[in-house]
Amino acid sequence: MTPFPHLQTAVLTDAAAEMRRRFPGAQPRAGLILGSGWSTALRPFTERKTCPASAIPGLGNATVAGHPGQIILADCQGVQTLIFQGRRHWYEGEGWLPVVLPLFLMKSMGVRQVLLTNAAGGIRADLEPGDTVLIRDHLNLMGDHPLRGPHQPLWGARFPDLSQVYDPAWQRQIREAAAPMGAPLKEGIYAALSGPTYETPAEIRMLAALGADLVGMSTVPEAIVAASCGLKVAALSCVTNKGAGLADQLLAHDEMLTQLQSAGERLASLLEAVWRRLSHE
Ligand code: HPA
């Protein structure tokens, strides 16, 4: 296989054709990618049809606890939505195809607006476990780029503009939806590293100096390709821990999932309010 299957027309269009077969007649206008532990936020969505991610060539099977690996066509507030439950990560080592393919599939199904979600470490002092944070911008520190390789016009122009990766209008809708809710929606800059280790305390200090408020191992590649191919993208982090060295504890994935579970109902209410806003469009 070439090192760039996600840049090959046939790979992309074959996967899109299989999606059409699996979800005949579907007309989703919103998309949602659920990060680690975000499944509890699915409460406001009513399932129409599901399909295992492994049924779509190129997506493969999610390998990380907290990432079940299915595609769900669902309704929320009357908005038909395509949900990827279980994202794939760069650190899984299977290349960019499983990481970015969901965005192409969404686009090919007619989705216009995508919300990416993740679990993140908080770097800025006011970011506490349990906080929800709207990502305003990002630092790509993964050491690679999902569009490096032969130019594939299906993903957009050769040199996409990233001055507004996270769509300003979509961000405003999310802010407005969150405003009446109890906890304030904080905002920040997300730095993506490849993982799979968590950072060292020195790396967290470096990231703070670079202007990062949050750190994680996902979202940025998806946001890049989404923006590049013309999807409106926004992203929400749930802070599961303070960055390494900032609190008196070591970092463990299990504890992050527990943290997300306790945030679940709040995340669900936020998504419901955001989707209510979408339904007025
Ligand atoms: N670092 C990287 N990724 C993460 C973290 C973190 O501290 N918390 C949740 N995902």
# chains A, B, ... in the order shown; residues from 1 in each chain; ligands from 1
>>> residues_around(residues="range 34-44 of chain A", least_positions_apart="6", cutoff="6 Å", atoms="only C-alpha atoms", output="ChimeraX atom specification")
/A:66-67,85,117-119,257,260,264,267-268,272
>>> residues_near_ligand(ligand="ligand 1", cutoff="8 Å", atoms="only C-alpha atoms and all ligand atoms", output="list in words")
Asn118, Ala119, Ala120, Gly121, Gly122, Ala192, Leu193, Gly195, Thr197, Tyr198, Glu199, Val215, Gly216, Met217, Val239, Thr240, Asn241, Lys242, Gly243, Ala244, Leu251, His253 and Met256 of chain A
>>> write_last_selection(atoms="N, CA and C atoms", output="compact mmCIF listing (two decimals), in the first residue's frame")
# COMPACT_ATOMS: atom_id res chain seq x y z
N ASN A 118 -13.03 15.94 22.37
CA ASN A 118 -11.88 15.19 22.87
C ASN A 118 -11.76 15.33 24.39
N ALA A 119 -10.87 14.52 24.93
CA ALA A 119 -10.44 14.69 26.32
C ALA A 119 -9.07 15.36 26.25
N ALA A 120 -8.82 16.29 27.16
CA ALA A 120 -7.55 17.01 27.07
C ALA A 120 -7.00 17.28 28.46
N GLY A 121 -5.69 17.52 28.47
CA GLY A 121 -5.05 17.97 29.71
C GLY A 121 -5.10 19.49 29.75
N GLY A 122 -5.33 20.04 30.93
CA GLY A 122 -5.40 21.49 31.08
C GLY A 122 -4.02 22.04 31.40
N ALA A 192 -1.72 19.76 19.83
CA ALA A 192 -1.80 18.32 19.57
C ALA A 192 -0.39 17.76 19.46
N LEU A 193 -0.10 16.77 20.28
CA LEU A 193 1.15 16.01 20.18
C LEU A 193 0.81 14.61 19.73
N GLY A 195 1.57 11.69 20.99
CA GLY A 195 1.38 10.61 21.94
C GLY A 195 2.18 9.41 21.48
N THR A 197 2.58 8.63 24.73
CA THR A 197 2.86 8.98 26.13
C THR A 197 2.15 10.28 26.44
N TYR A 198 1.83 10.48 27.71
CA TYR A 198 1.48 11.82 28.15
C TYR A 198 2.78 12.62 28.15
N GLU A 199 2.67 13.92 28.39
CA GLU A 199 3.84 14.79 28.29
C GLU A 199 4.68 14.70 29.56
N VAL A 215 -3.80 20.35 26.06
CA VAL A 215 -2.96 19.44 25.28
C VAL A 215 -3.68 18.11 25.10
N GLY A 216 -3.48 17.51 23.91
CA GLY A 216 -4.09 16.22 23.63
C GLY A 216 -3.41 15.56 22.44
N MET A 217 -4.00 14.44 22.00
CA MET A 217 -3.37 13.62 20.95
C MET A 217 -4.28 13.45 19.73
N VAL A 239 -11.77 18.79 29.88
CA VAL A 239 -10.51 18.68 30.61
C VAL A 239 -10.63 17.52 31.60
N THR A 240 -9.72 16.56 31.48
CA THR A 240 -9.80 15.39 32.38
C THR A 240 -8.73 15.44 33.46
N ASN A 241 -7.75 16.30 33.27
CA ASN A 241 -6.63 16.35 34.23
C ASN A 241 -5.85 17.63 33.99
N LYS A 242 -5.08 18.00 34.99
CA LYS A 242 -4.13 19.08 34.75
C LYS A 242 -2.90 18.47 34.07
N GLY A 243 -2.23 19.23 33.22
CA GLY A 243 -1.06 18.72 32.52
C GLY A 243 -0.02 18.17 33.49
N ALA A 244 0.82 17.28 32.97
CA ALA A 244 1.83 16.63 33.82
C ALA A 244 2.63 17.65 34.61
N LEU A 251 -0.61 10.62 35.69
CA LEU A 251 -1.72 10.59 34.73
C LEU A 251 -2.04 9.16 34.33
N HIS A 253 -5.09 6.86 31.96
CA HIS A 253 -6.24 6.90 31.04
C HIS A 253 -7.54 6.53 31.76
N MET A 256 -9.04 9.28 33.58
CA MET A 256 -9.61 10.29 32.68
C MET A 256 -11.01 9.86 32.25
>>> residues_around(residues="Gly78 in chain A", least_positions_apart="6", cutoff="10 Å", atoms="only C-alpha atoms", output="list in words")
Phe45, Thr46, Trp275, Arg276, Leu278, Ser279 and His280 of chain A
>>> write_last_selection(atoms="C-alpha atoms", output="PDB file, in the first residue's frame")
ATOM      1  CA  PHE A  45     -29.544  11.617  20.217  1.00  0.00           C
ATOM      2  CA  THR A  46     -32.104   9.144  18.890  1.00  0.00           C
ATOM      3  CA  TRP A 275     -28.170  21.005  18.427  1.00  0.00           C
ATOM      4  CA  ARG A 276     -31.279  23.025  19.402  1.00  0.00           C
ATOM      5  CA  LEU A 278     -28.639  24.130  14.811  1.00  0.00           C
ATOM      6  CA  SER A 279     -32.287  23.219  14.370  1.00  0.00           C
ATOM      7  CA  HIS A 280     -33.212  26.933  14.133  1.00  0.00           C
TER       8      HIS A 280
END
>>> closest_residue(among="A:Gly31, A:Pro146, A:Pro5, A:Pro102", to="Ala53 in chain A", atoms="only C-alpha atoms")
A:Pro102
>>> closest_residue(among="A:Cys51, A:Leu103, A:Ala30, A:Ile123", to="Leu82 in chain A", atoms="only C-alpha atoms")
A:Ala30
>>> residues_around(residues="range 109-115 of chain A", least_positions_apart="3", cutoff="9 Å", atoms="only C-alpha atoms", output="CSV table (one decimal) with N, CA and C atoms, in the first residue's frame")
chain,number,residue,atom,x,y,z
A,16,ALA,N,-16.7,6.0,0.5
A,16,ALA,CA,-17.9,6.7,0.5
A,16,ALA,C,-19.1,5.9,-0.1
A,19,MET,N,-20.4,3.7,2.5
A,19,MET,CA,-21.3,4.4,3.5
A,19,MET,C,-22.7,4.6,2.9
A,20,ARG,N,-22.8,4.9,1.6
A,20,ARG,CA,-24.1,5.1,1.0
A,20,ARG,C,-24.9,3.8,1.1
A,26,ALA,N,-29.8,8.4,3.7
A,26,ALA,CA,-29.5,9.3,4.8
A,26,ALA,C,-29.2,10.7,4.2
A,27,GLN,N,-29.6,11.7,5.0
A,27,GLN,CA,-29.3,13.1,4.6
A,27,GLN,C,-28.8,13.9,5.8
A,28,PRO,N,-27.7,13.5,6.4
A,28,PRO,CA,-27.2,14.2,7.6
A,28,PRO,C,-26.7,15.6,7.3
A,29,ARG,N,-27.0,16.5,8.1
A,29,ARG,CA,-26.4,17.8,7.9
A,29,ARG,C,-25.4,18.2,8.9
A,30,ALA,N,-25.4,17.5,10.0
A,30,ALA,CA,-24.4,17.7,11.1
A,30,ALA,C,-23.5,16.5,11.3
A,31,GLY,N,-22.3,16.7,11.7
A,31,GLY,CA,-21.4,15.5,12.0
A,31,GLY,C,-20.9,15.7,13.4
A,32,LEU,N,-20.6,14.5,14.1
A,32,LEU,CA,-20.0,14.6,15.4
A,32,LEU,C,-19.0,13.5,15.6
A,33,ILE,N,-17.8,13.8,16.0
A,33,ILE,CA,-16.8,12.8,16.3
A,33,ILE,C,-16.6,12.8,17.8
A,34,LEU,N,-16.8,11.6,18.4
A,34,LEU,CA,-16.7,11.5,19.8
A,34,LEU,C,-15.3,11.1,20.3
A,81,THR,N,-27.9,13.6,12.0
A,81,THR,CA,-26.5,13.7,12.4
A,81,THR,C,-25.8,12.4,12.2
A,82,LEU,N,-24.6,12.5,11.6
A,82,LEU,CA,-23.7,11.3,11.5
A,82,LEU,C,-22.7,11.4,12.6
A,103,LEU,N,-14.0,12.4,8.0
A,103,LEU,CA,-14.4,13.7,7.5
A,103,LEU,C,-14.8,13.7,6.1
A,104,PHE,N,-14.1,12.8,5.3
A,104,PHE,CA,-14.4,12.7,3.9
A,104,PHE,C,-15.8,12.0,3.8
A,105,LEU,N,-16.1,11.0,4.6
A,105,LEU,CA,-17.4,10.3,4.6
A,105,LEU,C,-18.5,11.3,4.9
A,106,MET,N,-18.3,12.1,5.9
A,106,MET,CA,-19.3,13.1,6.3
A,106,MET,C,-19.6,14.1,5.1
A,170,TRP,N,-19.9,29.1,13.7
A,170,TRP,CA,-20.2,27.8,14.4
A,170,TRP,C,-19.8,28.0,15.9
A,226,ALA,N,-10.9,18.9,7.7
A,226,ALA,CA,-12.3,19.4,7.6
A,226,ALA,C,-12.3,20.8,7.0
A,230,GLY,N,-13.8,22.2,3.2
A,230,GLY,CA,-14.9,23.0,3.1
A,230,GLY,C,-16.0,22.7,4.2
A,231,LEU,N,-15.7,21.8,5.1
A,231,LEU,CA,-16.7,21.6,6.2
A,231,LEU,C,-16.5,22.7,7.3
A,232,LYS,N,-17.6,23.1,7.9
A,232,LYS,CA,-17.5,24.1,9.0
A,232,LYS,C,-17.2,23.2,10.2
A,233,VAL,N,-16.1,23.6,10.9
A,233,VAL,CA,-15.7,22.7,12.0
A,233,VAL,C,-15.6,23.5,13.3
A,234,ALA,N,-16.0,22.9,14.4
A,234,ALA,CA,-15.7,23.4,15.7
A,234,ALA,C,-15.3,22.3,16.6
A,235,ALA,N,-14.7,22.6,17.8
A,235,ALA,CA,-14.2,21.5,18.6
A,235,ALA,C,-14.3,21.9,20.1
A,236,LEU,N,-14.7,20.8,20.9
A,236,LEU,CA,-14.8,21.0,22.3
A,236,LEU,C,-13.9,20.0,23.0
>>> residues_around(residues="Leu207 in chain A", least_positions_apart="3", cutoff="10 Å", atoms="only C-alpha atoms", output="compact mmCIF listing (two decimals) with all heavy atoms, in the first residue's frame")
# COMPACT_ATOMS: atom_id res chain seq x y z
N ILE A 123 -3.62 23.07 30.68
CA ILE A 123 -2.32 23.71 30.94
C ILE A 123 -2.53 25.07 31.61
O ILE A 123 -1.88 25.39 32.61
CB ILE A 123 -1.53 23.88 29.62
CG1 ILE A 123 -1.23 22.51 29.01
CG2 ILE A 123 -0.24 24.66 29.87
CD1 ILE A 123 -0.54 22.57 27.66
N ARG A 124 -3.46 25.86 31.09
CA ARG A 124 -3.72 27.19 31.67
C ARG A 124 -4.24 27.00 33.10
O ARG A 124 -5.02 26.08 33.37
CB ARG A 124 -4.76 27.93 30.82
CG ARG A 124 -4.69 29.43 30.95
CD ARG A 124 -5.64 30.10 29.98
NE ARG A 124 -7.03 29.79 30.29
CZ ARG A 124 -7.99 29.66 29.38
NH1 ARG A 124 -7.73 29.79 28.10
NH2 ARG A 124 -9.23 29.39 29.74
N LEU A 139 -2.26 24.37 17.89
CA LEU A 139 -0.85 24.21 17.49
C LEU A 139 -0.71 22.76 17.03
O LEU A 139 -0.99 21.82 17.79
CB LEU A 139 0.07 24.42 18.70
CG LEU A 139 0.03 25.78 19.39
CD1 LEU A 139 0.86 25.75 20.67
CD2 LEU A 139 0.56 26.86 18.46
N LEU A 141 1.59 20.07 16.71
CA LEU A 141 2.94 19.65 17.11
C LEU A 141 3.07 18.14 17.01
O LEU A 141 3.81 17.51 17.75
CB LEU A 141 3.21 20.12 18.55
CG LEU A 141 3.12 21.65 18.75
CD1 LEU A 141 3.28 22.01 20.22
CD2 LEU A 141 4.19 22.35 17.93
N TYR A 190 -5.52 24.66 21.69
CA TYR A 190 -5.24 23.23 21.91
C TYR A 190 -3.96 22.85 21.17
O TYR A 190 -3.83 23.10 19.96
CB TYR A 190 -6.43 22.45 21.37
CG TYR A 190 -6.32 20.94 21.39
CD1 TYR A 190 -6.83 20.20 22.47
CD2 TYR A 190 -5.78 20.24 20.31
CE1 TYR A 190 -6.78 18.80 22.46
CE2 TYR A 190 -5.73 18.85 20.31
CZ TYR A 190 -6.23 18.14 21.39
OH TYR A 190 -6.18 16.76 21.37
N ALA A 191 -3.03 22.26 21.88
CA ALA A 191 -1.82 21.75 21.23
C ALA A 191 -1.96 20.24 21.06
O ALA A 191 -2.29 19.53 22.02
CB ALA A 191 -0.59 22.05 22.09
N GLU A 199 2.67 13.92 28.39
CA GLU A 199 3.84 14.79 28.29
C GLU A 199 4.68 14.70 29.56
O GLU A 199 4.22 14.27 30.61
CB GLU A 199 3.38 16.24 28.08
CG GLU A 199 2.56 16.45 26.83
CD GLU A 199 1.19 15.80 26.88
OE1 GLU A 199 0.56 15.79 27.96
OE2 GLU A 199 0.76 15.27 25.84
N PRO A 201 6.64 16.97 32.50
CA PRO A 201 6.41 18.32 33.06
C PRO A 201 7.16 19.39 32.28
O PRO A 201 6.64 20.50 32.06
CB PRO A 201 6.92 18.19 34.50
CG PRO A 201 6.67 16.74 34.84
CD PRO A 201 6.97 15.99 33.56
N ALA A 202 8.36 19.09 31.80
CA ALA A 202 9.11 20.09 31.02
C ALA A 202 8.38 20.40 29.71
O ALA A 202 8.34 21.55 29.26
CB ALA A 202 10.52 19.59 30.73
N GLU A 203 7.79 19.37 29.10
CA GLU A 203 7.04 19.62 27.85
C GLU A 203 5.81 20.47 28.12
O GLU A 203 5.44 21.32 27.30
CB GLU A 203 6.66 18.27 27.20
CG GLU A 203 7.86 17.61 26.54
CD GLU A 203 7.64 16.13 26.19
OE1 GLU A 203 6.68 15.51 26.69
OE2 GLU A 203 8.47 15.58 25.44
N ILE A 204 5.17 20.23 29.27
CA ILE A 204 4.00 21.06 29.60
C ILE A 204 4.42 22.51 29.79
O ILE A 204 3.74 23.44 29.30
CB ILE A 204 3.28 20.50 30.87
CG1 ILE A 204 2.65 19.13 30.56
CG2 ILE A 204 2.23 21.49 31.39
CD1 ILE A 204 1.50 19.15 29.57
N LEU A 210 4.56 28.31 24.68
CA LEU A 210 4.19 28.44 23.26
C LEU A 210 2.77 28.99 23.09
O LEU A 210 2.32 29.21 21.97
CB LEU A 210 4.28 27.07 22.57
CG LEU A 210 5.68 26.48 22.39
CD1 LEU A 210 5.57 25.10 21.74
CD2 LEU A 210 6.54 27.38 21.52
N GLY A 211 2.06 29.11 24.18
CA GLY A 211 0.70 29.66 24.07
C GLY A 211 -0.41 28.63 24.10
O GLY A 211 -1.56 28.95 23.79
N ALA A 212 -0.08 27.39 24.47
CA ALA A 212 -1.13 26.36 24.52
C ALA A 212 -1.85 26.41 25.87
O ALA A 212 -1.22 26.59 26.91
CB ALA A 212 -0.52 24.98 24.33
N ASP A 213 -3.18 26.25 25.83
CA ASP A 213 -3.99 26.17 27.05
C ASP A 213 -4.35 24.73 27.38
O ASP A 213 -4.66 24.41 28.53
CB ASP A 213 -5.29 26.96 26.86
CG ASP A 213 -5.01 28.42 26.53
OD1 ASP A 213 -4.22 29.05 27.25
OD2 ASP A 213 -5.57 28.92 25.52
N LEU A 214 -4.36 23.89 26.35
CA LEU A 214 -4.81 22.50 26.48
C LEU A 214 -3.86 21.63 25.69
O LEU A 214 -3.27 22.09 24.72
CB LEU A 214 -6.18 22.33 25.81
CG LEU A 214 -7.35 23.10 26.34
CD1 LEU A 214 -8.36 23.32 25.22
CD2 LEU A 214 -8.00 22.29 27.46
N VAL A 215 -3.80 20.35 26.06
CA VAL A 215 -2.96 19.44 25.28
C VAL A 215 -3.68 18.11 25.10
O VAL A 215 -4.41 17.65 25.98
CB VAL A 215 -1.58 19.23 25.95
CG1 VAL A 215 -1.70 18.66 27.35
CG2 VAL A 215 -0.67 18.36 25.09
N GLY A 243 -2.23 19.23 33.22
CA GLY A 243 -1.06 18.72 32.52
C GLY A 243 -0.02 18.17 33.49
O GLY A 243 0.02 18.57 34.66
>>> residues_around(residues="Leu7 in chain A", least_positions_apart="2", cutoff="8 Å", atoms="only C-alpha atoms", output="list of chain:residue names")
A:Phe4, A:Pro5, A:Thr9, A:Val11, A:Leu12, A:Leu147, A:Gly149, A:Pro150, A:His151, A:Gln152
>>> write_last_selection(atoms="all heavy atoms", output="PDB file, in the first residue's frame")
ATOM      1  N   PHE A   4       0.317   6.893   1.317  1.00  0.00           N
ATOM      2  CA  PHE A   4      -0.708   7.944   1.365  1.00  0.00           C
ATOM      3  C   PHE A   4      -2.071   7.449   0.879  1.00  0.00           C
ATOM      4  O   PHE A   4      -2.675   8.081   0.008  1.00  0.00           O
ATOM      5  CB  PHE A   4      -0.276   9.141   0.495  1.00  0.00           C
ATOM      6  CG  PHE A   4       1.058   9.721   0.888  1.00  0.00           C
ATOM      7  CD1 PHE A   4       2.154   9.599   0.041  1.00  0.00           C
ATOM      8  CD2 PHE A   4       1.209  10.392   2.095  1.00  0.00           C
ATOM      9  CE1 PHE A   4       3.380  10.149   0.397  1.00  0.00           C
ATOM     10  CE2 PHE A   4       2.436  10.944   2.455  1.00  0.00           C
ATOM     11  CZ  PHE A   4       3.527  10.814   1.609  1.00  0.00           C
ATOM     12  N   PRO A   5      -2.586   6.354   1.389  1.00  0.00           N
ATOM     13  CA  PRO A   5      -3.883   5.876   0.876  1.00  0.00           C
ATOM     14  C   PRO A   5      -4.996   6.909   1.071  1.00  0.00           C
ATOM     15  O   PRO A   5      -5.941   6.950   0.272  1.00  0.00           O
ATOM     16  CB  PRO A   5      -4.164   4.605   1.701  1.00  0.00           C
ATOM     17  CG  PRO A   5      -3.279   4.693   2.891  1.00  0.00           C
ATOM     18  CD  PRO A   5      -2.084   5.485   2.467  1.00  0.00           C
ATOM     19  N   THR A   9      -7.822   8.813  -4.727  1.00  0.00           N
ATOM     20  CA  THR A   9      -9.232   9.003  -5.067  1.00  0.00           C
ATOM     21  C   THR A   9     -10.042   7.723  -4.867  1.00  0.00           C
ATOM     22  O   THR A   9     -11.099   7.746  -4.226  1.00  0.00           O
ATOM     23  CB  THR A   9      -9.344   9.478  -6.534  1.00  0.00           C
ATOM     24  OG1 THR A   9      -8.554  10.660  -6.671  1.00  0.00           O
ATOM     25  CG2 THR A   9     -10.780   9.779  -6.914  1.00  0.00           C
ATOM     26  N   VAL A  11      -9.588   5.085  -3.034  1.00  0.00           N
ATOM     27  CA  VAL A  11      -9.736   4.693  -1.620  1.00  0.00           C
ATOM     28  C   VAL A  11     -10.861   5.515  -0.979  1.00  0.00           C
ATOM     29  O   VAL A  11     -11.727   4.990  -0.258  1.00  0.00           O
ATOM     30  CB  VAL A  11      -8.403   4.896  -0.860  1.00  0.00           C
ATOM     31  CG1 VAL A  11      -8.580   4.723   0.642  1.00  0.00           C
ATOM     32  CG2 VAL A  11      -7.335   3.933  -1.394  1.00  0.00           C
ATOM     33  N   LEU A  12     -10.855   6.808  -1.256  1.00  0.00           N
ATOM     34  CA  LEU A  12     -11.859   7.693  -0.662  1.00  0.00           C
ATOM     35  C   LEU A  12     -13.250   7.414  -1.234  1.00  0.00           C
ATOM     36  O   LEU A  12     -14.226   7.281  -0.490  1.00  0.00           O
ATOM     37  CB  LEU A  12     -11.473   9.162  -0.909  1.00  0.00           C
ATOM     38  CG  LEU A  12     -10.159   9.619  -0.250  1.00  0.00           C
ATOM     39  CD1 LEU A  12      -9.766  11.012  -0.738  1.00  0.00           C
ATOM     40  CD2 LEU A  12     -10.290   9.607   1.273  1.00  0.00           C
ATOM     41  N   LEU A 147      -2.024  16.271   5.300  1.00  0.00           N
ATOM     42  CA  LEU A 147      -2.079  16.566   3.863  1.00  0.00           C
ATOM     43  C   LEU A 147      -0.699  16.548   3.211  1.00  0.00           C
ATOM     44  O   LEU A 147      -0.561  16.908   2.045  1.00  0.00           O
ATOM     45  CB  LEU A 147      -2.783  17.916   3.627  1.00  0.00           C
ATOM     46  CG  LEU A 147      -4.255  17.946   4.076  1.00  0.00           C
ATOM     47  CD1 LEU A 147      -4.851  19.334   3.890  1.00  0.00           C
ATOM     48  CD2 LEU A 147      -5.091  16.914   3.322  1.00  0.00           C
ATOM     49  N   GLY A 149       2.059  15.006   1.154  1.00  0.00           N
ATOM     50  CA  GLY A 149       1.999  13.955   0.133  1.00  0.00           C
ATOM     51  C   GLY A 149       1.452  14.538  -1.150  1.00  0.00           C
ATOM     52  O   GLY A 149       1.250  15.753  -1.243  1.00  0.00           O
ATOM     53  N   PRO A 150       1.205  13.662  -2.148  1.00  0.00           N
ATOM     54  CA  PRO A 150       0.687  14.164  -3.421  1.00  0.00           C
ATOM     55  C   PRO A 150      -0.621  14.924  -3.205  1.00  0.00           C
ATOM     56  O   PRO A 150      -1.448  14.498  -2.395  1.00  0.00           O
ATOM     57  CB  PRO A 150       0.426  12.888  -4.231  1.00  0.00           C
ATOM     58  CG  PRO A 150       1.077  11.778  -3.485  1.00  0.00           C
ATOM     59  CD  PRO A 150       1.326  12.213  -2.085  1.00  0.00           C
ATOM     60  N   HIS A 151      -0.795  16.022  -3.934  1.00  0.00           N
ATOM     61  CA  HIS A 151      -2.010  16.816  -3.735  1.00  0.00           C
ATOM     62  C   HIS A 151      -3.258  16.039  -4.146  1.00  0.00           C
ATOM     63  O   HIS A 151      -3.319  15.478  -5.239  1.00  0.00           O
ATOM     64  CB  HIS A 151      -1.926  18.129  -4.528  1.00  0.00           C
ATOM     65  CG  HIS A 151      -3.160  18.952  -4.374  1.00  0.00           C
ATOM     66  ND1 HIS A 151      -3.799  19.547  -5.437  1.00  0.00           N
ATOM     67  CD2 HIS A 151      -3.886  19.254  -3.274  1.00  0.00           C
ATOM     68  CE1 HIS A 151      -4.865  20.187  -4.982  1.00  0.00           C
ATOM     69  NE2 HIS A 151      -4.944  20.021  -3.684  1.00  0.00           N
ATOM     70  N   GLN A 152      -4.243  16.003  -3.277  1.00  0.00           N
ATOM     71  CA  GLN A 152      -5.524  15.352  -3.572  1.00  0.00           C
ATOM     72  C   GLN A 152      -6.610  16.432  -3.525  1.00  0.00           C
ATOM     73  O   GLN A 152      -7.025  16.862  -2.435  1.00  0.00           O
ATOM     74  CB  GLN A 152      -5.804  14.257  -2.532  1.00  0.00           C
ATOM     75  CG  GLN A 152      -7.200  13.673  -2.557  1.00  0.00           C
ATOM     76  CD  GLN A 152      -7.667  13.216  -3.933  1.00  0.00           C
ATOM     77  OE1 GLN A 152      -8.280  14.000  -4.675  1.00  0.00           O
ATOM     78  NE2 GLN A 152      -7.384  11.980  -4.290  1.00  0.00           N
TER      79      GLN A 152
END
>>> closest_residue(among="A:Asn61, A:Gln259, A:Gln8, A:Gln164", to="Cys238 in chain A", atoms="only C-alpha atoms")
A:Gln259
